[in-house]
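Trainee: Just passing along the structure, written as structure tokens.
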Amino acid sequence: MLQPLLMSARARKIIHARLESPTHGVVELAHDWRGRAVPPLVLLGRGAPQRVEVRREPEELFALASGYGIDATGDLTFAVRLGDYPGLREELAAGRLYVAGDFNGWDPIGRPEWELQPGFLAGEAVMRRSWRADGFLSHPWMRFKFVTESGRWLDVPADAPNAATDEAGNRNRTVDPDRTGWHRFRFDLPAPLDLAAMWKIGWGEDAGEAGSVPLMPGDFFFALRCEAPLGAEVRGGATVFRLFAPRARRVDVVVSSALGSNAEPRQYALQARGDGAWELALDEDLHGWYYWFHLDGPHDAFGLYDHSRAVLDPYARAAVGREGPGIILRDDWIGAVRDGFRTPAWHDLVIAEAHVRDLVHRAPISLGPRERRGFAGLAAWVRSRDFYLHSLGVNCVELQPVQEFDARTGDEYHWGYMTTNFFSPASAYATEPEQASGVHEFQDLVAAFHSRGIAVILDVVFNHVGEPAHLMFVDKLYYFDQDAAGNLTNWSGCGNDLRATAAMSRRLIIDSCTHFLRSYGVDGFRFDLAELLGADVLLEVEAALKKVKPDVILIAEPWSYRGHVARELRETGWASWNDGYRDFARDYLRGGSSAASCEYFLKGSPWHFAKWPAQTVNYTESHDDRTWIDVITENHQYDGSAPTANDRRRTHLMVAMLMMSVGIPMLASGQDFLRSKHGVSNTYQRGELNALDYHRLLRYPGSHTYVAAWVAFRRGPLGHLLRHYTRVSEGFFRFFSLPESTAVAALYNADGSAGVSRLLFAMNPTLEDVHLSIPNAAVAGWDWRVVADVEQFFGERSAGMRPVVSDVLFLPPLSCVLWVTEA
């Protein structure tokens, strides 16, 4: 597109200015430039204003960033950089890529005129195609996105200059007729800028507060990295403090051997290392001392520096409370855990999600008030003869967050999803947090679980931080996603989103997990709102942690308010919570959904969700939202505290289906005794509702025994037909259903590829009798034995009339039957 002769007023407005290196940058205007010549810019900051010459950015670079570009002849080119999407090259080896948008009804797949072809832009491999621009330049702006032949929509990068979110929450790109590449200009600086100063840039005659914008550091800044150990390190009688704070102008540490009125604080200045970190070495062993950092830096929208504020070290390995101080600890005092426990194989796991305080608060053993708050009391409960999760039979517990969180006092109840430090065990769960007792108490808790044969997964929250947001006061710009005005993004729904792509954010995540693997002996992690971290970061975390513990368990909660990442994780070593399974089960067992959907989920959500069997974590209840029984109850106002007979039968059906589904089954603690929160949906600070009421074990002993029997079967010898390491043969499953019913029967190992044993599972979630036909050849000639129905496990016992396997299975309402044959 040729330059018009006149320049509009809007074209003068700079909306964004970014440094791509300490000496090179880009400015972006609100509108294509409409003048013959571009005047110089003025740089404002330290010292006198500096004149800066600009030149137009090559149109191909704009196309790579925006997904489209318009050249001087009036052709519009849509383009996708292959390097931006891991696995895309491999996917396109056997498929095609299309552009979809308002211009083709968002339905391009199979239409050759919208198919992109291989090519290059600015020397980079892309998929591209060109059209005349006229058909795409309109108001309102045309939206577009790229989609593969298999239906995978390519996510819009967070830094795409033309990203827009529609009213339904979909993130797309746009074609802006007024911003076609002539609105982006580049400039060079004679010397590197000091990033600890505030810099702005504007037009010469307009430069000033009203006519200038902040000059923001770009990707080079977020690639800054320090390789030295961080935090407070005691070595050989000396103590070294290091803090990564690349925009700080001053960093001090305050240390004290005591707290309160006995404190005699000493303050020391750290020195900049040149790699974004600050350092101080004191020739003293300060083990057991307390410390805070104090920082000063740019006072702008991107920095919250206040030298009077005490900041908890992000790497403190123990903290007195959410505000700090941190506690200096020697490595040998912390120790490293080697208890000989072998982490179960992923496909052998049966997980129970649990909260530390919920498990111990009403535990039927003698404990003091402080013990009932956390680690020490729970360790005693775990070791007791009647420990609940041991009787349930699970071999893995997924603990809700145990890192320091933002409870104001030790007695205040929290779920723990507002993390304030990523290395310290939660002070609220420690008996003596001022003495860092939580370190050894949490080590003992993990050892207690291991002694009962139960692996420990930690629920970790790296997508946002709680209050106070200490990382904000270290470097808000570096550690948090925000817009050009410094407003924090909030896809977590918790007020801020960690900039997980920054090099030291990734290191913090890896260092934290490594610390809990080595110092506490945990077996793995469940990453909260993992979509906000992104597949690339999760891949890096996986690679790093598997070097520390090759069999580490890694589970993602694969969504956020921004999107869903499970499809991208199929090619990785991450498993994912399967929200589709959860929603299906709630619908199906109340008469909805379909037999075909049941077949898909029994087979382990293959390919679309999970590439390998243990990649799906199947569940029907978690800490979020209402409990299972409250969701499905026939009672009013979602109150399942007094469940009906049908509520109970549906729960038994759910457990049977869950244990018969390929993947990793996960129960919520208390689900086996029909735990209710009286219909309340969000109970993140409702300790009285969340604490497990063990009296319900006595009210509903049959349900607990039934669930425990299913867990034992799943983990037992015949359960190997459900615990798949790799995808089974095509003939392993056979399914039988009726067109007019959602009832289903499933034959496992139908082709004998997994040995001589077979399982036949039939289920009727409806309120009507069902007669389900099965070809005689599929079941004849085998000595079938009933193992379970909707009420109980029979084992080897005789229990009166039992359903027999024939060419027609009779299934009464809300029923299931499991048969086995071993010869």
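Residue numbering restarts at 1 for every chain of the structure tokens, chains are lettered A, B, ... in their displayed order, and ligands are numbered from 1 as they appear.
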Could you pull out the strand (DSSP E) residues of stretch 673-762 of chain A from DSSP and send them as a ChimeraX atom specification?
Mentor: /A:733-737,744-748,758-762
Trainee: Do you know which residues are at most 12 Å from stretch 83-94 of chain A counting only C-alpha atoms, after dropping those on the same chain fewer than 3 positions away, and could you put them as JSON, numbers by chain?
Mentor: {"A": [64, 65, 67, 79, 80, 97, 98, 115, 116, 117, 118, 120, 124, 125, 126, 127, 146, 147, 148, 149, 150, 151, 152, 153, 154, 155, 156, 157, 158, 159, 160, 534, 535, 536, 537, 539, 567, 568, 569, 570, 571, 572]}
Trainee: List the spatial neighbours of A:His294 as a PDB file with C-alpha atoms, in the first residue's frame - criterion: any atom at most 12 Å away, only C-alpha atoms, same-chain residues fewer than 3 positions off excluded.
Mentor:
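After the write, around13.pdb holds the following:
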```pdb
ATOM      1  CA  LEU A 243      18.136 -11.582  44.921  1.00  0.00           C
ATOM      2  CA  ALA A 245      15.840  -7.726  40.783  1.00  0.00           C
ATOM      3  CA  ALA A 248      16.130  -2.173  41.162  1.00  0.00           C
ATOM      4  CA  ARG A 249      18.402   0.786  41.921  1.00  0.00           C
ATOM      5  CA  ARG A 250      19.085  -0.292  45.501  1.00  0.00           C
ATOM      6  CA  VAL A 251      18.698  -3.521  47.472  1.00  0.00           C
ATOM      7  CA  ASP A 252      19.292  -3.895  51.217  1.00  0.00           C
ATOM      8  CA  VAL A 253      18.889  -6.846  53.551  1.00  0.00           C
ATOM      9  CA  VAL A 254      17.867  -6.541  57.193  1.00  0.00           C
ATOM     10  CA  VAL A 255      18.842  -9.425  59.506  1.00  0.00           C
ATOM     11  CA  GLN A 267      20.967  -3.531  57.647  1.00  0.00           C
ATOM     12  CA  TYR A 268      23.435  -4.161  54.805  1.00  0.00           C
ATOM     13  CA  ALA A 269      23.539  -3.061  51.155  1.00  0.00           C
ATOM     14  CA  LEU A 270      23.746  -5.636  48.381  1.00  0.00           C
ATOM     15  CA  TRP A 278      22.203  -8.451  43.715  1.00  0.00           C
ATOM     16  CA  TYR A 291      15.697 -11.541  57.248  1.00  0.00           C
ATOM     17  CA  GLY A 297      13.723   1.397  41.816  1.00  0.00           C
ATOM     18  CA  LEU A 304       5.971  -0.809  42.963  1.00  0.00           C
ATOM     19  CA  TYR A 305       9.253   0.009  44.667  1.00  0.00           C
ATOM     20  CA  ASP A 306       9.084   1.321  48.222  1.00  0.00           C
ATOM     21  CA  HIS A 307      12.291   1.085  50.231  1.00  0.00           C
ATOM     22  CA  SER A 308      10.362   1.199  53.494  1.00  0.00           C
ATOM     23  CA  ARG A 309       8.519  -2.027  52.651  1.00  0.00           C
ATOM     24  CA  ALA A 310       9.895  -5.295  54.023  1.00  0.00           C
ATOM     25  CA  VAL A 311       9.875  -7.901  51.243  1.00  0.00           C
ATOM     26  CA  LEU A 312       9.916 -11.650  51.867  1.00  0.00           C
ATOM     27  CA  ASP A 313      12.684 -13.331  49.877  1.00  0.00           C
ATOM     28  CA  PRO A 325      10.402 -12.609  57.673  1.00  0.00           C
ATOM     29  CA  HIS A 470       6.213  -9.959  47.297  1.00  0.00           C
ATOM     30  CA  PHE A 473       7.863  -5.416  44.996  1.00  0.00           C
ATOM     31  CA  VAL A 474      10.902  -7.210  43.571  1.00  0.00           C
TER      32      VAL A 474
END
```
Trainee: Which is closest to A:Ala345 among A:Asp523, A:Asp783, A:Asp625, A:Asp693, if we use only C-alpha atoms?
Mentor: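 The shortest atom-to-atom distance to A:Ala345 comes from A:Asp523.
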Trainee: Just the number, please: distance in Å from atom CA of A:Asp386 to atom CA of A:Arg675, one decimal.
Mentor: 18.6 Å
Trainee: Tell me which protein, DNA and RNA residues are within 8 Å of A:His623, counting only C-alpha atoms, leaving out same-chain ones fewer than 3 positions away, and put them as a list of chain:residue names.
Mentor: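 Residues meeting the cut-off are A:Glu353, A:Arg626, A:Thr627, A:Ala668.
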Trainee: Which one of A:Gln50, A:Asn421, A:Ser729, A:Ser641 sits closest to A:Ala469 if you count only C-alpha atoms?
Mentor: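 Smallest distance to A:Ala469 is found for A:Asn421.
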Trainee: Could you give me, as a PyMOL selection string, the residues within 10 Å of A:Val728, counting only C-alpha atoms and dropping anything in the same chain fewer than 5 positions from it?
Mentor: chain A and resi 603+612-613+721+733+749+753-754
Trainee: Those same residues, written as an mmCIF file, in the first residue's frame with all heavy atoms?
Mentor:
```
data_model
loop_
_atom_site.group_PDB
_atom_site.id
_atom_site.type_symbol
_atom_site.label_atom_id
_atom_site.label_comp_id
_atom_site.auth_asym_id
_atom_site.auth_seq_id
_atom_site.Cartn_x
_atom_site.Cartn_y
_atom_site.Cartn_z
ATOM 1 N N LYS A 603 -12.863 -45.832 27.540
ATOM 2 C CA LYS A 603 -11.632 -46.171 26.813
ATOM 3 C C LYS A 603 -10.482 -45.232 27.151
ATOM 4 O O LYS A 603 -9.369 -45.421 26.656
ATOM 5 C CB LYS A 603 -11.904 -46.155 25.312
ATOM 6 C CG LYS A 603 -12.806 -47.290 24.849
ATOM 7 C CD LYS A 603 -13.276 -47.107 23.408
ATOM 8 C CE LYS A 603 -12.168 -47.261 22.413
ATOM 9 N NZ LYS A 603 -12.705 -47.200 21.011
ATOM 10 N N TRP A 612 -1.759 -41.072 25.488
ATOM 11 C CA TRP A 612 -1.389 -42.319 26.169
ATOM 12 C C TRP A 612 -2.316 -42.489 27.377
ATOM 13 O O TRP A 612 -2.878 -41.528 27.889
ATOM 14 C CB TRP A 612 0.083 -42.336 26.571
ATOM 15 C CG TRP A 612 0.653 -41.032 27.031
ATOM 16 C CD1 TRP A 612 1.094 -40.016 26.250
ATOM 17 C CD2 TRP A 612 0.832 -40.603 28.383
ATOM 18 N NE1 TRP A 612 1.544 -38.969 27.027
ATOM 19 C CE2 TRP A 612 1.397 -39.315 28.343
ATOM 20 C CE3 TRP A 612 0.578 -41.180 29.626
ATOM 21 C CZ2 TRP A 612 1.708 -38.596 29.497
ATOM 22 C CZ3 TRP A 612 0.892 -40.467 30.778
ATOM 23 C CH2 TRP A 612 1.457 -39.203 30.703
ATOM 24 N N PRO A 613 -2.532 -43.728 27.826
ATOM 25 C CA PRO A 613 -3.641 -44.004 28.747
ATOM 26 C C PRO A 613 -3.642 -43.198 30.037
ATOM 27 O O PRO A 613 -4.688 -42.703 30.459
ATOM 28 C CB PRO A 613 -3.491 -45.504 29.021
ATOM 29 C CG PRO A 613 -2.836 -46.046 27.799
ATOM 30 C CD PRO A 613 -1.877 -44.971 27.358
ATOM 31 N N LEU A 721 -6.194 -55.279 33.606
ATOM 32 C CA LEU A 721 -6.908 -55.072 32.351
ATOM 33 C C LEU A 721 -7.433 -53.646 32.214
ATOM 34 O O LEU A 721 -7.918 -53.260 31.144
ATOM 35 C CB LEU A 721 -8.067 -56.061 32.245
ATOM 36 C CG LEU A 721 -7.665 -57.543 32.133
ATOM 37 C CD1 LEU A 721 -8.898 -58.423 32.106
ATOM 38 C CD2 LEU A 721 -6.804 -57.778 30.887
ATOM 39 N N PHE A 733 -11.397 -53.735 23.163
ATOM 40 C CA PHE A 733 -12.726 -53.365 23.652
ATOM 41 C C PHE A 733 -13.816 -53.806 22.666
ATOM 42 O O PHE A 733 -13.643 -53.717 21.451
ATOM 43 C CB PHE A 733 -12.846 -51.842 23.823
ATOM 44 C CG PHE A 733 -12.049 -51.266 24.953
ATOM 45 C CD1 PHE A 733 -10.845 -50.621 24.697
ATOM 46 C CD2 PHE A 733 -12.500 -51.343 26.266
ATOM 47 C CE1 PHE A 733 -10.107 -50.060 25.726
ATOM 48 C CE2 PHE A 733 -11.761 -50.782 27.304
ATOM 49 C CZ PHE A 733 -10.562 -50.143 27.041
ATOM 50 N N ASN A 749 -10.594 -56.831 26.962
ATOM 51 C CA ASN A 749 -9.736 -57.903 26.453
ATOM 52 C C ASN A 749 -10.531 -58.868 25.592
ATOM 53 O O ASN A 749 -10.359 -60.080 25.657
ATOM 54 C CB ASN A 749 -9.028 -58.642 27.601
ATOM 55 C CG ASN A 749 -7.874 -59.504 27.120
ATOM 56 O OD1 ASN A 749 -7.248 -59.197 26.097
ATOM 57 N ND2 ASN A 749 -7.594 -60.584 27.833
ATOM 58 N N SER A 753 -5.786 -60.221 23.676
ATOM 59 C CA SER A 753 -4.429 -59.700 23.493
ATOM 60 C C SER A 753 -3.706 -59.450 24.807
ATOM 61 O O SER A 753 -2.479 -59.310 24.827
ATOM 62 C CB SER A 753 -4.479 -58.388 22.686
ATOM 63 O OG SER A 753 -5.278 -57.422 23.350
ATOM 64 N N ALA A 754 -4.450 -59.400 25.925
ATOM 65 C CA ALA A 754 -3.826 -59.145 27.228
ATOM 66 C C ALA A 754 -3.907 -60.368 28.136
ATOM 67 O O ALA A 754 -3.912 -60.243 29.357
ATOM 68 C CB ALA A 754 -4.497 -57.951 27.901
#
```
Trainee: Run DSSP on the backbone and tell me which residues of stretch 359-535 of chain A come out as helix (DSSP H, G or I); list them as a PyMOL selection string.
Mentor: chain A and resi 359-360+371-373+375-383+388-392+427-429+433-435+437-451+470-479+503-520+530-532+535
Trainee: Applying 9 Å and only C-alpha atoms, which residues near stretch 237-240 of chain A remain after dropping the ones on its own chain fewer than 4 positions away? List them as a PDB file with N, CA and C atoms, in the first residue's frame.
Mentor:
```
ATOM      1  N   LEU A 230      20.203 -18.562  44.582  1.00  0.00           N
ATOM      2  CA  LEU A 230      19.453 -17.412  45.079  1.00  0.00           C
ATOM      3  C   LEU A 230      18.961 -17.677  46.495  1.00  0.00           C
ATOM      4  N   GLY A 231      18.593 -16.592  47.179  1.00  0.00           N
ATOM      5  CA  GLY A 231      18.115 -16.697  48.549  1.00  0.00           C
ATOM      6  C   GLY A 231      19.234 -16.452  49.532  1.00  0.00           C
ATOM      7  N   ALA A 232      19.116 -17.053  50.710  1.00  0.00           N
ATOM      8  CA  ALA A 232      20.135 -16.936  51.764  1.00  0.00           C
ATOM      9  C   ALA A 232      20.843 -18.277  51.872  1.00  0.00           C
ATOM     10  N   GLU A 233      22.125 -18.276  51.579  1.00  0.00           N
ATOM     11  CA  GLU A 233      22.900 -19.513  51.513  1.00  0.00           C
ATOM     12  C   GLU A 233      24.006 -19.471  52.563  1.00  0.00           C
ATOM     13  N   GLU A 279      23.901  -9.066  45.356  1.00  0.00           N
ATOM     14  CA  GLU A 279      24.600 -10.044  46.198  1.00  0.00           C
ATOM     15  C   GLU A 279      25.282  -9.373  47.368  1.00  0.00           C
ATOM     16  N   LEU A 280      25.324 -10.102  48.498  1.00  0.00           N
ATOM     17  CA  LEU A 280      26.065  -9.678  49.689  1.00  0.00           C
ATOM     18  C   LEU A 280      26.571 -10.924  50.398  1.00  0.00           C
ATOM     19  N   ALA A 281      27.844 -10.912  50.793  1.00  0.00           N
ATOM     20  CA  ALA A 281      28.427 -11.996  51.580  1.00  0.00           C
ATOM     21  C   ALA A 281      28.819 -11.456  52.947  1.00  0.00           C
ATOM     22  N   LEU A 282      28.332 -12.099  54.010  1.00  0.00           N
ATOM     23  CA  LEU A 282      28.693 -11.758  55.380  1.00  0.00           C
ATOM     24  C   LEU A 282      29.488 -12.904  55.981  1.00  0.00           C
ATOM     25  N   ASP A 283      30.566 -12.571  56.662  1.00  0.00           N
ATOM     26  CA  ASP A 283      31.450 -13.595  57.219  1.00  0.00           C
ATOM     27  C   ASP A 283      30.908 -14.095  58.556  1.00  0.00           C
ATOM     28  N   GLU A 284      29.653 -14.557  58.532  1.00  0.00           N
ATOM     29  CA  GLU A 284      28.988 -15.068  59.724  1.00  0.00           C
ATOM     30  C   GLU A 284      28.044 -16.198  59.324  1.00  0.00           C
ATOM     31  N   ASP A 285      27.931 -17.179  60.215  1.00  0.00           N
ATOM     32  CA  ASP A 285      26.927 -18.230  60.043  1.00  0.00           C
ATOM     33  C   ASP A 285      25.641 -17.733  60.698  1.00  0.00           C
ATOM     34  N   LEU A 286      24.659 -17.352  59.887  1.00  0.00           N
ATOM     35  CA  LEU A 286      23.429 -16.759  60.406  1.00  0.00           C
ATOM     36  C   LEU A 286      22.273 -17.765  60.410  1.00  0.00           C
ATOM     37  N   HIS A 287      22.595 -19.050  60.517  1.00  0.00           N
ATOM     38  CA  HIS A 287      21.533 -20.065  60.564  1.00  0.00           C
ATOM     39  C   HIS A 287      20.548 -19.738  61.686  1.00  0.00           C
ATOM     40  N   ILE A 328      16.765 -17.966  57.798  1.00  0.00           N
ATOM     41  CA  ILE A 328      17.983 -18.490  57.173  1.00  0.00           C
ATOM     42  C   ILE A 328      18.232 -19.902  57.694  1.00  0.00           C
TER      43      ILE A 328
END
```
Trainee: In Å, how far is it from atom CA of A:Pro803 to atom CA of A:Trp782?
Mentor: 15.0 Å
Trainee: Fewer than 4 positions away in the same chain doesn't count, so skip those; otherwise give me all residues within 10 Å of A:Gly563, counting only C-alpha atoms, as a VMD selection string.
Mentor: chain A and resid 155 169 to 171 491 529 531 to 532 558 to 559
Trainee: Keeping only all heavy atoms, write the selected residues as a PDB file, in the first residue's frame.
Mentor:
```
ATOM      1  N   ASP A 155      -3.431 -21.095  18.982  1.00  0.00           N
ATOM      2  CA  ASP A 155      -3.614 -20.009  19.931  1.00  0.00           C
ATOM      3  C   ASP A 155      -2.947 -18.735  19.438  1.00  0.00           C
ATOM      4  O   ASP A 155      -1.894 -18.776  18.781  1.00  0.00           O
ATOM      5  CB  ASP A 155      -3.031 -20.379  21.296  1.00  0.00           C
ATOM      6  CG  ASP A 155      -3.839 -21.459  21.994  1.00  0.00           C
ATOM      7  OD1 ASP A 155      -5.028 -21.584  21.683  1.00  0.00           O
ATOM      8  OD2 ASP A 155      -3.275 -22.173  22.843  1.00  0.00           O
ATOM      9  N   GLY A 169     -15.391 -14.505  24.940  1.00  0.00           N
ATOM     10  CA  GLY A 169     -14.117 -14.861  25.550  1.00  0.00           C
ATOM     11  C   GLY A 169     -13.126 -15.495  24.610  1.00  0.00           C
ATOM     12  O   GLY A 169     -12.046 -15.922  25.028  1.00  0.00           O
ATOM     13  N   ASN A 170     -13.438 -15.567  23.290  1.00  0.00           N
ATOM     14  CA  ASN A 170     -12.525 -16.151  22.313  1.00  0.00           C
ATOM     15  C   ASN A 170     -11.450 -15.135  21.935  1.00  0.00           C
ATOM     16  O   ASN A 170     -11.752 -13.975  21.659  1.00  0.00           O
ATOM     17  CB  ASN A 170     -13.290 -16.581  21.059  1.00  0.00           C
ATOM     18  CG  ASN A 170     -14.362 -17.593  21.373  1.00  0.00           C
ATOM     19  OD1 ASN A 170     -14.098 -18.611  21.993  1.00  0.00           O
ATOM     20  ND2 ASN A 170     -15.585 -17.309  20.956  1.00  0.00           N
ATOM     21  N   ARG A 171     -10.223 -15.594  21.907  1.00  0.00           N
ATOM     22  CA  ARG A 171      -9.108 -14.726  21.567  1.00  0.00           C
ATOM     23  C   ARG A 171      -8.747 -14.936  20.098  1.00  0.00           C
ATOM     24  O   ARG A 171      -8.379 -16.036  19.689  1.00  0.00           O
ATOM     25  CB  ARG A 171      -7.909 -15.042  22.468  1.00  0.00           C
ATOM     26  CG  ARG A 171      -6.715 -14.115  22.307  1.00  0.00           C
ATOM     27  CD  ARG A 171      -5.666 -14.471  23.363  1.00  0.00           C
ATOM     28  NE  ARG A 171      -4.401 -13.804  23.139  1.00  0.00           N
ATOM     29  CZ  ARG A 171      -4.111 -12.572  23.537  1.00  0.00           C
ATOM     30  NH1 ARG A 171      -5.033 -11.869  24.186  1.00  0.00           N
ATOM     31  NH2 ARG A 171      -2.931 -12.038  23.321  1.00  0.00           N
ATOM     32  N   TRP A 491      -6.215 -13.487  33.986  1.00  0.00           N
ATOM     33  CA  TRP A 491      -6.812 -14.713  33.472  1.00  0.00           C
ATOM     34  C   TRP A 491      -6.902 -15.783  34.550  1.00  0.00           C
ATOM     35  O   TRP A 491      -7.570 -16.799  34.373  1.00  0.00           O
ATOM     36  CB  TRP A 491      -6.012 -15.230  32.284  1.00  0.00           C
ATOM     37  CG  TRP A 491      -6.076 -14.327  31.097  1.00  0.00           C
ATOM     38  CD1 TRP A 491      -5.064 -13.557  30.595  1.00  0.00           C
ATOM     39  CD2 TRP A 491      -7.213 -14.078  30.264  1.00  0.00           C
ATOM     40  NE1 TRP A 491      -5.494 -12.840  29.507  1.00  0.00           N
ATOM     41  CE2 TRP A 491      -6.814 -13.147  29.273  1.00  0.00           C
ATOM     42  CE3 TRP A 491      -8.529 -14.538  30.254  1.00  0.00           C
ATOM     43  CZ2 TRP A 491      -7.673 -12.682  28.296  1.00  0.00           C
ATOM     44  CZ3 TRP A 491      -9.393 -14.075  29.273  1.00  0.00           C
ATOM     45  CH2 TRP A 491      -8.963 -13.160  28.306  1.00  0.00           C
ATOM     46  N   LEU A 529      -4.177 -24.239  37.217  1.00  0.00           N
ATOM     47  CA  LEU A 529      -4.378 -23.367  36.052  1.00  0.00           C
ATOM     48  C   LEU A 529      -3.142 -23.369  35.144  1.00  0.00           C
ATOM     49  O   LEU A 529      -2.608 -22.327  34.760  1.00  0.00           O
ATOM     50  CB  LEU A 529      -4.700 -21.940  36.498  1.00  0.00           C
ATOM     51  CG  LEU A 529      -5.990 -21.763  37.314  1.00  0.00           C
ATOM     52  CD1 LEU A 529      -6.212 -20.289  37.631  1.00  0.00           C
ATOM     53  CD2 LEU A 529      -7.201 -22.337  36.599  1.00  0.00           C
ATOM     54  N   GLU A 531      -2.719 -23.815  32.106  1.00  0.00           N
ATOM     55  CA  GLU A 531      -2.814 -23.153  30.801  1.00  0.00           C
ATOM     56  C   GLU A 531      -2.105 -21.809  30.819  1.00  0.00           C
ATOM     57  O   GLU A 531      -1.533 -21.391  29.810  1.00  0.00           O
ATOM     58  CB  GLU A 531      -4.287 -22.968  30.420  1.00  0.00           C
ATOM     59  CG  GLU A 531      -4.511 -22.485  28.992  1.00  0.00           C
ATOM     60  CD  GLU A 531      -4.372 -20.984  28.820  1.00  0.00           C
ATOM     61  OE1 GLU A 531      -4.599 -20.247  29.799  1.00  0.00           O
ATOM     62  OE2 GLU A 531      -4.022 -20.532  27.706  1.00  0.00           O
ATOM     63  N   LEU A 532      -2.122 -21.120  31.971  1.00  0.00           N
ATOM     64  CA  LEU A 532      -1.494 -19.801  32.049  1.00  0.00           C
ATOM     65  C   LEU A 532       0.026 -19.882  31.955  1.00  0.00           C
ATOM     66  O   LEU A 532       0.674 -18.893  31.620  1.00  0.00           O
ATOM     67  CB  LEU A 532      -1.903 -19.095  33.346  1.00  0.00           C
ATOM     68  CG  LEU A 532      -3.350 -18.623  33.398  1.00  0.00           C
ATOM     69  CD1 LEU A 532      -3.677 -18.032  34.752  1.00  0.00           C
ATOM     70  CD2 LEU A 532      -3.616 -17.604  32.294  1.00  0.00           C
ATOM     71  N   PRO A 558      -5.559 -28.161  33.083  1.00  0.00           N
ATOM     72  CA  PRO A 558      -5.163 -27.643  31.773  1.00  0.00           C
ATOM     73  C   PRO A 558      -5.968 -26.454  31.278  1.00  0.00           C
ATOM     74  O   PRO A 558      -5.979 -26.192  30.079  1.00  0.00           O
ATOM     75  CB  PRO A 558      -5.373 -28.851  30.865  1.00  0.00           C
ATOM     76  CG  PRO A 558      -6.529 -29.576  31.470  1.00  0.00           C
ATOM     77  CD  PRO A 558      -6.376 -29.382  32.959  1.00  0.00           C
ATOM     78  N   TRP A 559      -6.606 -25.727  32.170  1.00  0.00           N
ATOM     79  CA  TRP A 559      -7.429 -24.606  31.722  1.00  0.00           C
ATOM     80  C   TRP A 559      -7.139 -23.366  32.556  1.00  0.00           C
ATOM     81  O   TRP A 559      -6.428 -23.391  33.561  1.00  0.00           O
ATOM     82  CB  TRP A 559      -8.913 -24.964  31.798  1.00  0.00           C
ATOM     83  CG  TRP A 559      -9.387 -25.361  33.165  1.00  0.00           C
ATOM     84  CD1 TRP A 559      -9.715 -24.533  34.199  1.00  0.00           C
ATOM     85  CD2 TRP A 559      -9.567 -26.697  33.660  1.00  0.00           C
ATOM     86  NE1 TRP A 559     -10.095 -25.268  35.296  1.00  0.00           N
ATOM     87  CE2 TRP A 559     -10.018 -26.593  34.997  1.00  0.00           C
ATOM     88  CE3 TRP A 559      -9.407 -27.957  33.090  1.00  0.00           C
ATOM     89  CZ2 TRP A 559     -10.302 -27.718  35.772  1.00  0.00           C
ATOM     90  CZ3 TRP A 559      -9.691 -29.066  33.867  1.00  0.00           C
ATOM     91  CH2 TRP A 559     -10.128 -28.945  35.190  1.00  0.00           C
TER      92      TRP A 559
END
```
